$ cat structure-v6.cif   # mmCIF, C-alpha atoms, pLDDT in the B column; chains and numbers go by the auth columns
data_model
#
loop_
_atom_site.group_PDB
_atom_site.id
_atom_site.type_symbol
_atom_site.label_atom_id
_atom_site.label_comp_id
_atom_site.label_asym_id
_atom_site.label_seq_id
_atom_site.Cartn_x
_atom_site.Cartn_y
_atom_site.Cartn_z
_atom_site.B_iso_or_equiv
_atom_site.auth_seq_id
_atom_site.auth_asym_id
ATOM 1 C CA MET A 1 8.366 0.585 24.653 64.00 1 A
ATOM 2 C CA ILE A 2 11.394 0.127 22.399 71.00 2 A
ATOM 3 C CA LEU A 3 9.505 -2.528 20.430 69.00 3 A
ATOM 4 C CA THR A 4 6.525 -0.161 19.984 73.00 4 A
ATOM 5 C CA GLY A 5 8.832 2.644 18.752 80.00 5 A
ATOM 6 C CA PHE A 6 10.539 0.265 16.401 83.00 6 A
ATOM 7 C CA PHE A 7 7.230 -0.838 14.899 83.00 7 A
ATOM 8 C CA GLN A 8 6.077 2.790 14.661 86.00 8 A
ATOM 9 C CA LEU A 9 9.181 3.497 12.567 91.00 9 A
ATOM 10 C CA LEU A 10 8.533 0.422 10.451 91.00 10 A
ATOM 11 C CA GLY A 11 4.936 1.584 9.976 92.00 11 A
ATOM 12 C CA ILE A 12 6.075 4.962 8.621 94.00 12 A
ATOM 13 C CA LEU A 13 8.542 3.200 6.341 95.00 13 A
ATOM 14 C CA LEU A 14 5.776 0.899 5.105 96.00 14 A
ATOM 15 C CA ILE A 15 3.512 3.843 4.291 96.00 15 A
ATOM 16 C CA ILE A 16 6.326 5.549 2.354 97.00 16 A
ATOM 17 C CA ILE A 17 6.885 2.337 0.352 97.00 17 A
ATOM 18 C CA GLU A 18 3.148 2.065 -0.287 97.00 18 A
ATOM 19 C CA ILE A 19 2.994 5.640 -1.557 97.00 19 A
ATOM 20 C CA ILE A 20 5.864 4.886 -3.943 97.00 20 A
ATOM 21 C CA TYR A 21 3.976 1.745 -4.977 97.00 21 A
ATOM 22 C CA ILE A 22 1.044 3.909 -6.109 97.00 22 A
ATOM 23 C CA PHE A 23 3.281 5.136 -8.950 96.00 23 A
ATOM 24 C CA TYR A 24 4.096 1.547 -9.911 95.00 24 A
ATOM 25 C CA ALA A 25 0.383 0.666 -9.937 96.00 25 A
ATOM 26 C CA PHE A 26 -0.315 3.751 -12.029 96.00 26 A
ATOM 27 C CA ILE A 27 2.427 2.779 -14.514 94.00 27 A
ATOM 28 C CA ILE A 28 0.903 -0.719 -14.821 95.00 28 A
ATOM 29 C CA ALA A 29 -2.525 0.785 -15.577 95.00 29 A
ATOM 30 C CA ARG A 30 -1.031 3.195 -18.125 94.00 30 A
ATOM 31 C CA GLN A 31 1.080 0.500 -19.772 93.00 31 A
ATOM 32 C CA VAL A 32 -1.908 -1.860 -20.027 94.00 32 A
ATOM 33 C CA ASN A 33 -3.774 0.866 -21.902 94.00 33 A
ATOM 34 C CA LEU A 34 -0.865 1.308 -24.314 92.00 34 A
ATOM 35 C CA LEU A 35 -0.401 -2.436 -24.782 92.00 35 A
ATOM 36 C CA ASN A 36 -4.102 -2.863 -25.497 93.00 36 A
ATOM 37 C CA LYS A 37 -3.806 -0.206 -28.191 91.00 37 A
ATOM 38 C CA SER A 38 -0.734 -1.892 -29.706 91.00 38 A
ATOM 39 C CA PHE A 39 -2.302 -5.330 -29.710 92.00 39 A
ATOM 40 C CA MET A 40 -6.070 -5.658 -29.421 93.00 40 A
ATOM 41 C CA THR A 41 -7.583 -8.875 -28.118 92.00 41 A
ATOM 42 C CA GLU A 42 -10.872 -9.969 -26.598 91.00 42 A
ATOM 43 C CA PHE A 43 -9.162 -9.709 -23.210 93.00 43 A
ATOM 44 C CA SER A 44 -8.347 -6.011 -23.472 93.00 44 A
ATOM 45 C CA PHE A 45 -11.198 -5.058 -21.169 95.00 45 A
ATOM 46 C CA ALA A 46 -10.225 -7.711 -18.592 95.00 46 A
ATOM 47 C CA PHE A 47 -6.615 -6.476 -18.499 95.00 47 A
ATOM 48 C CA THR A 48 -7.716 -2.862 -18.130 96.00 48 A
ATOM 49 C CA PHE A 49 -10.186 -3.826 -15.411 97.00 49 A
ATOM 50 C CA LEU A 50 -7.542 -5.786 -13.486 97.00 50 A
ATOM 51 C CA SER A 51 -5.001 -2.987 -13.688 97.00 51 A
ATOM 52 C CA TYR A 52 -7.554 -0.490 -12.336 97.00 52 A
ATOM 53 C CA VAL A 53 -8.613 -2.885 -9.571 97.00 53 A
ATOM 54 C CA HIS A 54 -4.934 -3.140 -8.645 98.00 54 A
ATOM 55 C CA LEU A 55 -4.619 0.643 -8.603 98.00 55 A
ATOM 56 C CA LEU A 56 -7.773 0.993 -6.511 98.00 56 A
ATOM 57 C CA LEU A 57 -6.583 -1.670 -4.053 97.00 57 A
ATOM 58 C CA THR A 58 -3.300 0.205 -3.702 97.00 58 A
ATOM 59 C CA PHE A 59 -5.187 3.272 -2.489 97.00 59 A
ATOM 60 C CA VAL A 60 -7.290 1.123 -0.151 97.00 60 A
ATOM 61 C CA VAL A 61 -4.192 -0.505 1.358 97.00 61 A
ATOM 62 C CA VAL A 62 -2.512 2.890 1.853 97.00 62 A
ATOM 63 C CA LEU A 63 -5.666 4.125 3.570 97.00 63 A
ATOM 64 C CA ILE A 64 -5.836 1.073 5.853 96.00 64 A
ATOM 65 C CA SER A 65 -2.147 1.496 6.728 95.00 65 A
ATOM 66 C CA PHE A 66 -2.734 5.153 7.602 94.00 66 A
ATOM 67 C CA VAL A 67 -5.645 4.270 9.873 94.00 67 A
ATOM 68 C CA LEU A 68 -3.812 1.415 11.588 92.00 68 A
ATOM 69 C CA LEU A 69 -0.290 2.798 11.862 89.00 69 A
ATOM 70 C CA ILE A 70 -0.492 6.564 12.225 83.00 70 A
ATOM 71 C CA MET B 1 -12.347 -18.360 -24.301 71.00 1 B
ATOM 72 C CA ILE B 2 -10.376 -18.240 -21.047 76.00 2 B
ATOM 73 C CA SER B 3 -8.064 -21.011 -22.242 76.00 3 B
ATOM 74 C CA GLN B 4 -7.117 -18.714 -25.140 79.00 4 B
ATOM 75 C CA LEU B 5 -5.352 -16.543 -22.573 84.00 5 B
ATOM 76 C CA PHE B 6 -2.691 -19.202 -22.190 86.00 6 B
ATOM 77 C CA HIS B 7 -2.170 -20.143 -25.824 87.00 7 B
ATOM 78 C CA SER B 8 1.347 -19.751 -27.117 87.00 8 B
ATOM 79 C CA PHE B 9 0.354 -20.775 -30.630 88.00 9 B
ATOM 80 C CA GLU B 10 -2.807 -18.914 -31.543 87.00 10 B
ATOM 81 C CA THR B 11 -4.530 -19.637 -34.823 86.00 11 B
ATOM 82 C CA ASN B 12 -7.964 -18.354 -33.836 84.00 12 B
ATOM 83 C CA THR B 13 -7.216 -14.682 -34.367 85.00 13 B
ATOM 84 C CA LYS B 14 -10.821 -13.489 -34.504 84.00 14 B
ATOM 85 C CA GLY B 15 -11.218 -10.167 -32.709 85.00 15 B
ATOM 86 C CA MET B 16 -7.491 -9.485 -32.698 91.00 16 B
ATOM 87 C CA GLY B 17 -5.774 -6.490 -34.187 92.00 17 B
ATOM 88 C CA PHE B 18 -2.633 -4.429 -33.892 90.00 18 B
ATOM 89 C CA GLN B 19 -1.442 -0.932 -34.602 88.00 19 B
ATOM 90 C CA GLY B 20 -0.498 -0.610 -38.253 87.00 20 B
ATOM 91 C CA LYS B 21 -2.683 -3.440 -39.512 89.00 21 B
ATOM 92 C CA ASP B 22 -4.067 -2.769 -43.004 91.00 22 B
ATOM 93 C CA ASP B 23 -7.745 -3.254 -43.778 89.00 23 B
ATOM 94 C CA ASP B 24 -7.012 -6.001 -46.301 90.00 24 B
ATOM 95 C CA GLU B 25 -4.527 -7.696 -44.007 92.00 25 B
ATOM 96 C CA GLN B 26 -5.392 -10.792 -42.021 92.00 26 B
ATOM 97 C CA ILE B 27 -3.657 -12.059 -38.909 94.00 27 B
ATOM 98 C CA LEU B 28 -2.762 -15.712 -39.449 94.00 28 B
ATOM 99 C CA TYR B 29 -0.846 -16.596 -36.295 93.00 29 B
ATOM 100 C CA VAL B 30 -0.074 -15.004 -32.970 94.00 30 B
ATOM 101 C CA LEU B 31 2.877 -16.708 -31.342 94.00 31 B
ATOM 102 C CA ARG B 32 4.230 -16.381 -27.837 94.00 32 B
ATOM 103 C CA ARG B 33 6.978 -18.013 -25.858 94.00 33 B
ATOM 104 C CA HIS B 34 6.164 -21.508 -24.649 94.00 34 B
ATOM 105 C CA PHE B 35 3.980 -21.336 -21.529 93.00 35 B
ATOM 106 C CA ILE B 36 6.541 -23.331 -19.562 94.00 36 B
ATOM 107 C CA VAL B 37 8.791 -20.225 -19.465 94.00 37 B
ATOM 108 C CA ASN B 38 6.330 -18.879 -16.885 95.00 38 B
ATOM 109 C CA PHE B 39 7.137 -21.679 -14.485 95.00 39 B
ATOM 110 C CA LYS B 40 9.729 -19.652 -12.518 95.00 40 B
ATOM 111 C CA TRP B 41 7.474 -16.725 -11.662 96.00 41 B
ATOM 112 C CA VAL B 42 4.439 -18.925 -11.030 97.00 42 B
ATOM 113 C CA ALA B 43 6.479 -21.001 -8.556 97.00 43 B
ATOM 114 C CA LEU B 44 7.821 -17.795 -7.022 97.00 44 B
ATOM 115 C CA THR B 45 4.272 -16.496 -6.623 97.00 45 B
ATOM 116 C CA PHE B 46 3.253 -19.573 -4.634 96.00 46 B
ATOM 117 C CA ILE B 47 6.276 -19.092 -2.370 96.00 47 B
ATOM 118 C CA PHE B 48 5.457 -15.380 -2.000 96.00 48 B
ATOM 119 C CA LEU B 49 1.918 -16.228 -0.852 96.00 49 B
ATOM 120 C CA PHE B 50 3.272 -17.998 2.222 94.00 50 B
ATOM 121 C CA VAL B 51 5.792 -15.322 3.235 93.00 51 B
ATOM 122 C CA PRO B 52 3.454 -13.311 5.555 90.00 52 B
ATOM 123 C CA VAL B 53 2.227 -16.510 7.203 88.00 53 B
ATOM 124 C CA LEU B 54 5.774 -17.720 7.772 89.00 54 B
ATOM 125 C CA VAL B 55 7.041 -14.360 8.995 85.00 55 B
ATOM 126 C CA SER B 56 4.249 -13.894 11.520 80.00 56 B
ATOM 127 C CA ALA B 57 4.373 -17.523 12.649 81.00 57 B
ATOM 128 C CA VAL B 58 8.135 -17.897 12.948 77.00 58 B
ATOM 129 C CA LEU B 59 9.503 -14.464 13.845 68.00 59 B
ATOM 130 C CA LEU B 60 6.724 -12.996 15.937 70.00 60 B
ATOM 131 C CA PRO B 61 4.942 -15.773 17.825 69.00 61 B
ATOM 132 C CA GLY B 62 2.007 -14.798 19.983 60.00 62 B
ATOM 133 C CA LEU B 63 1.294 -11.477 18.260 56.00 63 B
ATOM 134 C CA GLN B 64 -1.191 -12.617 15.638 50.00 64 B
ATOM 135 C CA ASN B 65 -4.197 -12.659 17.932 54.00 65 B
ATOM 136 C CA ASP B 66 -3.664 -9.292 19.592 56.00 66 B
ATOM 137 C CA LEU B 67 -4.836 -6.813 16.965 53.00 67 B
ATOM 138 C CA SER B 68 -4.707 -3.861 19.328 60.00 68 B
ATOM 139 C CA ALA B 69 -0.911 -4.093 19.713 75.00 69 B
ATOM 140 C CA ARG B 70 1.210 -2.033 17.322 76.00 70 B
ATOM 141 C CA PRO B 71 3.349 -4.963 16.093 80.00 71 B
ATOM 142 C CA SER B 72 0.216 -6.917 15.201 82.00 72 B
ATOM 143 C CA LYS B 73 -1.237 -3.919 13.365 87.00 73 B
ATOM 144 C CA PHE B 74 2.008 -3.528 11.489 88.00 74 B
ATOM 145 C CA ILE B 75 2.059 -7.202 10.542 88.00 75 B
ATOM 146 C CA PHE B 76 -1.531 -6.952 9.318 90.00 76 B
ATOM 147 C CA ALA B 77 -0.841 -3.816 7.234 93.00 77 B
ATOM 148 C CA ALA B 78 2.438 -5.216 5.878 94.00 78 B
ATOM 149 C CA SER B 79 0.727 -8.505 4.951 94.00 79 B
ATOM 150 C CA LEU B 80 -1.998 -6.626 3.063 96.00 80 B
ATOM 151 C CA PHE B 81 0.626 -4.678 1.174 97.00 81 B
ATOM 152 C CA TRP B 82 2.601 -7.842 0.485 97.00 82 B
ATOM 153 C CA TYR B 83 -0.428 -9.537 -1.097 97.00 83 B
ATOM 154 C CA LEU B 84 -1.051 -6.409 -3.157 97.00 84 B
ATOM 155 C CA PHE B 85 2.567 -6.540 -4.298 97.00 85 B
ATOM 156 C CA VAL B 86 2.153 -10.232 -5.269 97.00 86 B
ATOM 157 C CA PHE B 87 -0.987 -9.290 -7.220 97.00 87 B
ATOM 158 C CA GLY B 88 0.968 -6.559 -9.055 96.00 88 B
ATOM 159 C CA PHE B 89 3.850 -8.947 -9.655 96.00 89 B
ATOM 160 C CA VAL B 90 1.490 -11.524 -11.223 96.00 90 B
ATOM 161 C CA ILE B 91 -0.120 -8.884 -13.466 95.00 91 B
ATOM 162 C CA GLU B 92 3.253 -7.549 -14.604 93.00 92 B
ATOM 163 C CA ARG B 93 4.746 -11.009 -15.257 94.00 93 B
ATOM 164 C CA PHE B 94 1.666 -12.234 -17.105 95.00 94 B
ATOM 165 C CA LEU B 95 1.525 -9.111 -19.276 93.00 95 B
ATOM 166 C CA HIS B 96 5.204 -9.595 -19.995 92.00 96 B
ATOM 167 C CA TRP B 97 4.437 -13.042 -21.403 94.00 97 B
ATOM 168 C CA PHE B 98 1.126 -12.190 -23.057 94.00 98 B
ATOM 169 C CA PHE B 99 2.303 -9.109 -24.948 93.00 99 B
ATOM 170 C CA ASN B 100 5.681 -10.467 -26.051 93.00 100 B
ATOM 171 C CA ILE B 101 4.386 -11.692 -29.355 93.00 101 B
ATOM 172 C CA PHE B 102 5.322 -12.597 -32.862 93.00 102 B
ATOM 173 C CA ILE B 103 2.479 -11.913 -35.299 94.00 103 B
ATOM 174 C CA VAL B 104 2.341 -13.479 -38.742 94.00 104 B
ATOM 175 C CA THR B 105 -0.072 -11.852 -41.141 94.00 105 B
ATOM 176 C CA THR B 106 -0.816 -12.271 -44.823 93.00 106 B
ATOM 177 C CA LYS B 107 1.537 -9.341 -45.517 92.00 107 B
ATOM 178 C CA LYS B 108 4.203 -9.163 -42.837 92.00 108 B
ATOM 179 C CA ILE B 109 5.654 -10.373 -39.594 93.00 109 B
ATOM 180 C CA VAL B 110 5.522 -8.193 -36.496 93.00 110 B
ATOM 181 C CA ASP B 111 7.753 -8.573 -33.473 92.00 111 B
ATOM 182 C CA MET B 112 6.367 -6.958 -30.312 92.00 112 B
ATOM 183 C CA ASP B 113 8.800 -6.991 -27.429 89.00 113 B
ATOM 184 C CA PHE B 114 7.637 -5.941 -24.001 84.00 114 B
ATOM 185 C CA PHE B 115 10.813 -5.895 -21.905 83.00 115 B
ATOM 186 C CA ASN B 116 9.374 -4.264 -18.808 78.00 116 B
ATOM 187 C CA LEU B 117 6.837 -1.628 -17.821 75.00 117 B
ATOM 188 C CA LEU B 118 9.012 1.165 -19.197 79.00 118 B
ATOM 189 C CA HIS B 119 10.516 -0.463 -22.260 83.00 119 B
ATOM 190 C CA ARG B 120 8.846 -1.988 -25.293 81.00 120 B
ATOM 191 C CA ASN B 121 9.831 -2.326 -28.900 86.00 121 B
ATOM 192 C CA ILE B 122 7.822 -3.079 -32.044 88.00 122 B
ATOM 193 C CA SER B 123 9.421 -4.073 -35.368 89.00 123 B
ATOM 194 C CA GLU B 124 7.923 -5.393 -38.558 89.00 124 B
ATOM 195 C CA THR B 125 9.001 -6.499 -41.980 90.00 125 B
ATOM 196 C CA PRO B 126 7.061 -7.422 -45.135 91.00 126 B
ATOM 197 C CA LEU B 127 7.062 -11.101 -46.029 92.00 127 B
ATOM 198 C CA GLN B 128 8.835 -10.429 -49.343 90.00 128 B
ATOM 199 C CA ASN B 129 11.813 -9.008 -47.409 90.00 129 B
ATOM 200 C CA ILE B 130 12.397 -12.304 -45.607 93.00 130 B
ATOM 201 C CA GLU B 131 15.414 -14.115 -46.977 92.00 131 B
ATOM 202 C CA ASP B 132 16.006 -16.977 -44.619 92.00 132 B
ATOM 203 C CA VAL B 133 14.261 -18.711 -41.730 94.00 133 B
ATOM 204 C CA THR B 134 16.146 -20.967 -39.344 95.00 134 B
ATOM 205 C CA TYR B 135 15.316 -22.573 -36.039 95.00 135 B
ATOM 206 C CA GLU B 136 17.361 -23.987 -33.222 95.00 136 B
ATOM 207 C CA ILE B 137 16.402 -26.222 -30.338 95.00 137 B
ATOM 208 C CA LYS B 138 18.964 -26.565 -27.603 91.00 138 B
ATOM 209 C CA GLY B 139 19.219 -27.598 -23.992 92.00 139 B
ATOM 210 C CA LEU B 140 17.295 -30.202 -22.063 94.00 140 B
ATOM 211 C CA PRO B 141 14.170 -28.055 -21.408 92.00 141 B
ATOM 212 C CA GLY B 142 14.056 -27.118 -25.111 93.00 142 B
ATOM 213 C CA ILE B 143 14.137 -30.757 -26.158 94.00 143 B
ATOM 214 C CA VAL B 144 11.657 -31.903 -23.488 95.00 144 B
ATOM 215 C CA PHE B 145 9.106 -29.123 -24.110 94.00 145 B
ATOM 216 C CA ASN B 146 9.903 -28.654 -27.788 93.00 146 B
ATOM 217 C CA TYR B 147 10.750 -24.967 -27.761 94.00 147 B
ATOM 218 C CA GLY B 148 13.577 -23.064 -29.330 95.00 148 B
ATOM 219 C CA ILE B 149 14.760 -20.039 -31.254 95.00 149 B
ATOM 220 C CA VAL B 150 13.414 -19.027 -34.637 94.00 150 B
ATOM 221 C CA THR B 151 15.670 -16.624 -36.512 94.00 151 B
ATOM 222 C CA ILE B 152 14.438 -14.717 -39.537 94.00 152 B
ATOM 223 C CA GLN B 153 16.964 -12.981 -41.776 93.00 153 B
ATOM 224 C CA THR B 154 15.592 -10.053 -43.742 91.00 154 B
ATOM 225 C CA ALA B 155 16.684 -7.616 -46.419 86.00 155 B
ATOM 226 C CA GLY B 156 15.188 -4.756 -44.441 72.00 156 B
ATOM 227 C CA GLU B 157 16.699 -2.216 -42.080 74.00 157 B
ATOM 228 C CA ARG B 158 16.540 -4.639 -39.206 70.00 158 B
ATOM 229 C CA ARG B 159 18.545 -7.547 -40.530 81.00 159 B
ATOM 230 C CA GLU B 160 17.491 -10.189 -38.084 89.00 160 B
ATOM 231 C CA PHE B 161 14.398 -11.105 -36.107 90.00 161 B
ATOM 232 C CA GLU B 162 14.984 -13.544 -33.307 91.00 162 B
ATOM 233 C CA PHE B 163 12.195 -15.197 -31.356 92.00 163 B
ATOM 234 C CA GLU B 164 13.260 -17.105 -28.305 92.00 164 B
ATOM 235 C CA HIS B 165 11.479 -19.931 -26.497 93.00 165 B
ATOM 236 C CA LEU B 166 8.884 -20.377 -29.236 93.00 166 B
ATOM 237 C CA GLY B 167 6.973 -23.634 -28.955 91.00 167 B
ATOM 238 C CA ASN B 168 7.215 -25.988 -31.925 91.00 168 B
ATOM 239 C CA PRO B 169 9.880 -23.909 -33.741 93.00 169 B
ATOM 240 C CA SER B 170 10.170 -26.324 -36.676 94.00 170 B
ATOM 241 C CA LYS B 171 6.480 -25.878 -37.504 93.00 171 B
ATOM 242 C CA ILE B 172 6.728 -22.096 -37.172 93.00 172 B
ATOM 243 C CA ALA B 173 9.820 -21.925 -39.391 94.00 173 B
ATOM 244 C CA ASP B 174 8.011 -24.073 -41.953 94.00 174 B
ATOM 245 C CA ILE B 175 4.874 -21.894 -41.847 93.00 175 B
ATOM 246 C CA VAL B 176 6.864 -18.681 -42.350 93.00 176 B
ATOM 247 C CA SER B 177 8.974 -20.232 -45.137 93.00 177 B
ATOM 248 C CA ASP B 178 5.854 -21.405 -46.963 93.00 178 B
ATOM 249 C CA LEU B 179 4.225 -17.992 -46.638 93.00 179 B
ATOM 250 C CA VAL B 180 7.335 -16.234 -47.936 92.00 180 B
ATOM 251 C CA ARG B 181 7.573 -18.653 -50.858 91.00 181 B
ATOM 252 C CA GLY B 182 3.917 -18.043 -51.640 90.00 182 B
ATOM 253 C CA VAL B 183 4.348 -14.253 -51.601 88.00 183 B
ATOM 254 C CA LYS B 184 7.507 -14.351 -53.739 84.00 184 B
ATOM 255 C CA ASN B 185 5.947 -16.680 -56.289 85.00 185 B
ATOM 256 C CA ARG B 186 2.957 -14.426 -56.801 75.00 186 B
#

$ encode --input "structure-v6.cif" --output "structure tokens"
Amino acid sequence: MILTGFFQLLGILLIIIEIIYIFYAFIIARQVNLLNKSFMTEFSFAFTFLSYVHLLLTFVVVLISFVLLI
Amino acid sequence: MISQLFHSFETNTKGMGFQGKDDDEQILYVLRRHFIVNFKWVALTFIFLFVPVLVSAVLLPGLQNDLSARPSKFIFAASLFWYLFVFGFVIERFLHWFFNIFIVTTKKIVDMDFFNLLHRNISETPLQNIEDVTYEIKGLPGIVFNYGIVTIQTAGERREFEFEHLGNPSKIADIVSDLVRGVKNR
């Protein structure tokens, strides 16, 4: 019982951290856009794509955490 | 093409450009820190990949197979997040290396510093403003991997450009000196 409560608390904490992480993922995506404008290479699209995949995965992970832990 | 991603001394500048580049200007070299400087974070990434496995195997034995229990669900969710974090860490670290560049063009040198996600700095100076180019190789890793510091003294507002951990600094210093001499002799 105590262990379950403890993990419930940890779950809420994890979701809070994940929500904060969304901002970090968003900043990465934004910064990649700016960097690609400052210095253009043939990899610009790949960097942008990766940063958006990362952002999308962040939302997916938050969603999975909500379903599993709340 | 993919191997170009890891070049620290790029001479094939086709398809490259930067903000402030003139139409009649050509990028000659794009220089980055020696790839070996990435060793720390790459090694750290490999360690990070094993953290969830170690945590669930060592600290919470017997919970991995019971996905209905709350601790197991938490471990699963936390592991997912951890791998996402590692993915973000790799992107951020790689961008930090890739976009910290020193560009040499037919007209100027450009120093693009990407300190972190919230701090970057871009400086440039025309080749004719360059007064002195020096390089320094120090320390065991510098000697083994042939990287060092190239310092460029200028007559411009920013007096000094310093590029750390550049591979083959003697060659770079020589290239810049030759270019400057060529521009001044015109």

$ resolve_selection --input "structure-v6.cif" --expression "the PyMOL selection byres ((chain B) within 9 of (chain A))" --output "ChimeraX atom specification"
/B:1-2,5,13-20,69-71,73-74,76-78,80-81,84-85,87-88,91-92,95,99,112,114,117-118,122

$ atom_distance --input "structure-v6.cif" --atom1 "atom CA of Arg120 of chain B" --atom2 "atom CA of Ile36 of chain B"
22.2 Å

$ resolve_selection --input "structure-v6.cif" --expression "the PyMOL selection byres ((chain B and resi 53) around 12)" --output "list of chain:residue names"
B:Ile47, B:Phe48, B:Leu49, B:Phe50, B:Val51, B:Pro52, B:Leu54, B:Val55, B:Ser56, B:Ala57, B:Val58, B:Leu59, B:Leu60, B:Pro61, B:Gln64, B:Ile75, B:Phe76, B:Ala78, B:Ser79, B:Leu80, B:Trp82, B:Tyr83

$ atom_distance --input "structure-v6.cif" --atom1 "atom CA of Lys108 of chain B" --atom2 "atom CA of Gly156 of chain B"
11.9 Å

$ closest_residue --input "structure-v6.cif" --among "B:Ser3, B:Asn168, B:Thr106, B:Arg159" --to "Val144 of chain B" --atoms "all atoms listed in the file"
B:Asn168

$ resolve_selection --input "structure-v6.cif" --expression "the PyMOL selection byres ((chain B and resi 37) around 12)" --output "ChimeraX atom specification"
/B:6,8,32-36,38-43,93-94,96-98,141-142,145-148,164-167

$ atom_distance --input "structure-v6.cif" --atom1 "atom CA of Asp111 of chain B" --atom2 "atom CA of Phe49 of chain A"
25.9 Å

$ closest_residue --input "structure-v6.cif" --among "B:Ala155, B:Phe89, B:Phe46, B:Thr105" --to "Leu28 of chain B" --atoms "only C-alpha atoms"
B:Thr105

$ axis_aligned_box --input "structure-v6.cif" --around "segment 50-66 of chain A" --padding-each-side "8 Å" --output "lines of an AutoDock Vina configuration file"
center_x = -5.4
center_y = -0.3
center_z = -3.0
size_x = 22.5
size_y = 26.9
size_z = 37.3

$ residues_around --input "structure-v6.cif" --residues "Lys107 of chain B" --least-positions-apart "4" --cutoff "8 Å" --atoms "all atoms listed in the file" --output "list in words"
Glu25, Gln26, Pro126 and Leu127 of chain B

$ build_atoms --input "structure-v6.cif" --residues "segment 3-16 of chain B" --atoms "N, CA, C and O atoms" --output "PDB file, keeping the file's coordinate frame"
ATOM      1  N   SER B   3      -9.256 -20.210 -21.918  1.00 76.00           N
ATOM      2  CA  SER B   3      -8.064 -21.011 -22.242  1.00 76.00           C
ATOM      3  C   SER B   3      -7.202 -20.316 -23.294  1.00 76.00           C
ATOM      4  O   SER B   3      -5.994 -20.521 -23.359  1.00 76.00           O
ATOM      5  N   GLN B   4      -7.844 -19.460 -24.114  1.00 79.00           N
ATOM      6  CA  GLN B   4      -7.117 -18.714 -25.140  1.00 79.00           C
ATOM      7  C   GLN B   4      -6.055 -17.796 -24.524  1.00 79.00           C
ATOM      8  O   GLN B   4      -5.071 -17.466 -25.169  1.00 79.00           O
ATOM      9  N   LEU B   5      -6.295 -17.420 -23.286  1.00 84.00           N
ATOM     10  CA  LEU B   5      -5.352 -16.543 -22.573  1.00 84.00           C
ATOM     11  C   LEU B   5      -3.971 -17.171 -22.460  1.00 84.00           C
ATOM     12  O   LEU B   5      -2.969 -16.483 -22.356  1.00 84.00           O
ATOM     13  N   PHE B   6      -3.947 -18.502 -22.444  1.00 86.00           N
ATOM     14  CA  PHE B   6      -2.691 -19.202 -22.190  1.00 86.00           C
ATOM     15  C   PHE B   6      -2.108 -19.861 -23.431  1.00 86.00           C
ATOM     16  O   PHE B   6      -1.168 -20.631 -23.335  1.00 86.00           O
ATOM     17  N   HIS B   7      -2.676 -19.544 -24.592  1.00 87.00           N
ATOM     18  CA  HIS B   7      -2.170 -20.143 -25.824  1.00 87.00           C
ATOM     19  C   HIS B   7      -0.859 -19.491 -26.241  1.00 87.00           C
ATOM     20  O   HIS B   7      -0.759 -18.272 -26.272  1.00 87.00           O
ATOM     21  N   SER B   8       0.099 -20.318 -26.603  1.00 87.00           N
ATOM     22  CA  SER B   8       1.347 -19.751 -27.117  1.00 87.00           C
ATOM     23  C   SER B   8       1.389 -19.875 -28.641  1.00 87.00           C
ATOM     24  O   SER B   8       2.262 -19.309 -29.289  1.00 87.00           O
ATOM     25  N   PHE B   9       0.448 -20.633 -29.178  1.00 88.00           N
ATOM     26  CA  PHE B   9       0.354 -20.775 -30.630  1.00 88.00           C
ATOM     27  C   PHE B   9      -1.106 -20.539 -30.997  1.00 88.00           C
ATOM     28  O   PHE B   9      -1.931 -21.443 -30.958  1.00 88.00           O
ATOM     29  N   GLU B  10      -1.410 -19.294 -31.341  1.00 87.00           N
ATOM     30  CA  GLU B  10      -2.807 -18.914 -31.543  1.00 87.00           C
ATOM     31  C   GLU B  10      -3.150 -18.832 -33.023  1.00 87.00           C
ATOM     32  O   GLU B  10      -2.550 -18.051 -33.760  1.00 87.00           O
ATOM     33  N   THR B  11      -4.100 -19.670 -33.422  1.00 86.00           N
ATOM     34  CA  THR B  11      -4.530 -19.637 -34.823  1.00 86.00           C
ATOM     35  C   THR B  11      -5.920 -18.985 -34.948  1.00 86.00           C
ATOM     36  O   THR B  11      -6.277 -18.504 -36.009  1.00 86.00           O
ATOM     37  N   ASN B  12      -6.651 -18.999 -33.825  1.00 84.00           N
ATOM     38  CA  ASN B  12      -7.964 -18.354 -33.836  1.00 84.00           C
ATOM     39  C   ASN B  12      -7.777 -16.865 -33.532  1.00 84.00           C
ATOM     40  O   ASN B  12      -7.771 -16.450 -32.379  1.00 84.00           O
ATOM     41  N   THR B  13      -7.588 -16.084 -34.570  1.00 85.00           N
ATOM     42  CA  THR B  13      -7.216 -14.682 -34.367  1.00 85.00           C
ATOM     43  C   THR B  13      -8.417 -13.735 -34.505  1.00 85.00           C
ATOM     44  O   THR B  13      -8.237 -12.530 -34.675  1.00 85.00           O
ATOM     45  N   LYS B  14      -9.601 -14.304 -34.395  1.00 84.00           N
ATOM     46  CA  LYS B  14     -10.821 -13.489 -34.504  1.00 84.00           C
ATOM     47  C   LYS B  14     -10.844 -12.443 -33.374  1.00 84.00           C
ATOM     48  O   LYS B  14     -10.593 -12.790 -32.207  1.00 84.00           O
ATOM     49  N   GLY B  15     -11.139 -11.219 -33.719  1.00 85.00           N
ATOM     50  CA  GLY B  15     -11.218 -10.167 -32.709  1.00 85.00           C
ATOM     51  C   GLY B  15      -9.867  -9.567 -32.337  1.00 85.00           C
ATOM     52  O   GLY B  15      -9.783  -8.721 -31.463  1.00 85.00           O
ATOM     53  N   MET B  16      -8.820 -10.034 -33.000  1.00 91.00           N
ATOM     54  CA  MET B  16      -7.491  -9.485 -32.698  1.00 91.00           C
ATOM     55  C   MET B  16      -7.094  -8.428 -33.725  1.00 91.00           C
ATOM     56  O   MET B  16      -7.529  -8.485 -34.881  1.00 91.00           O
TER      57      MET B  16
END
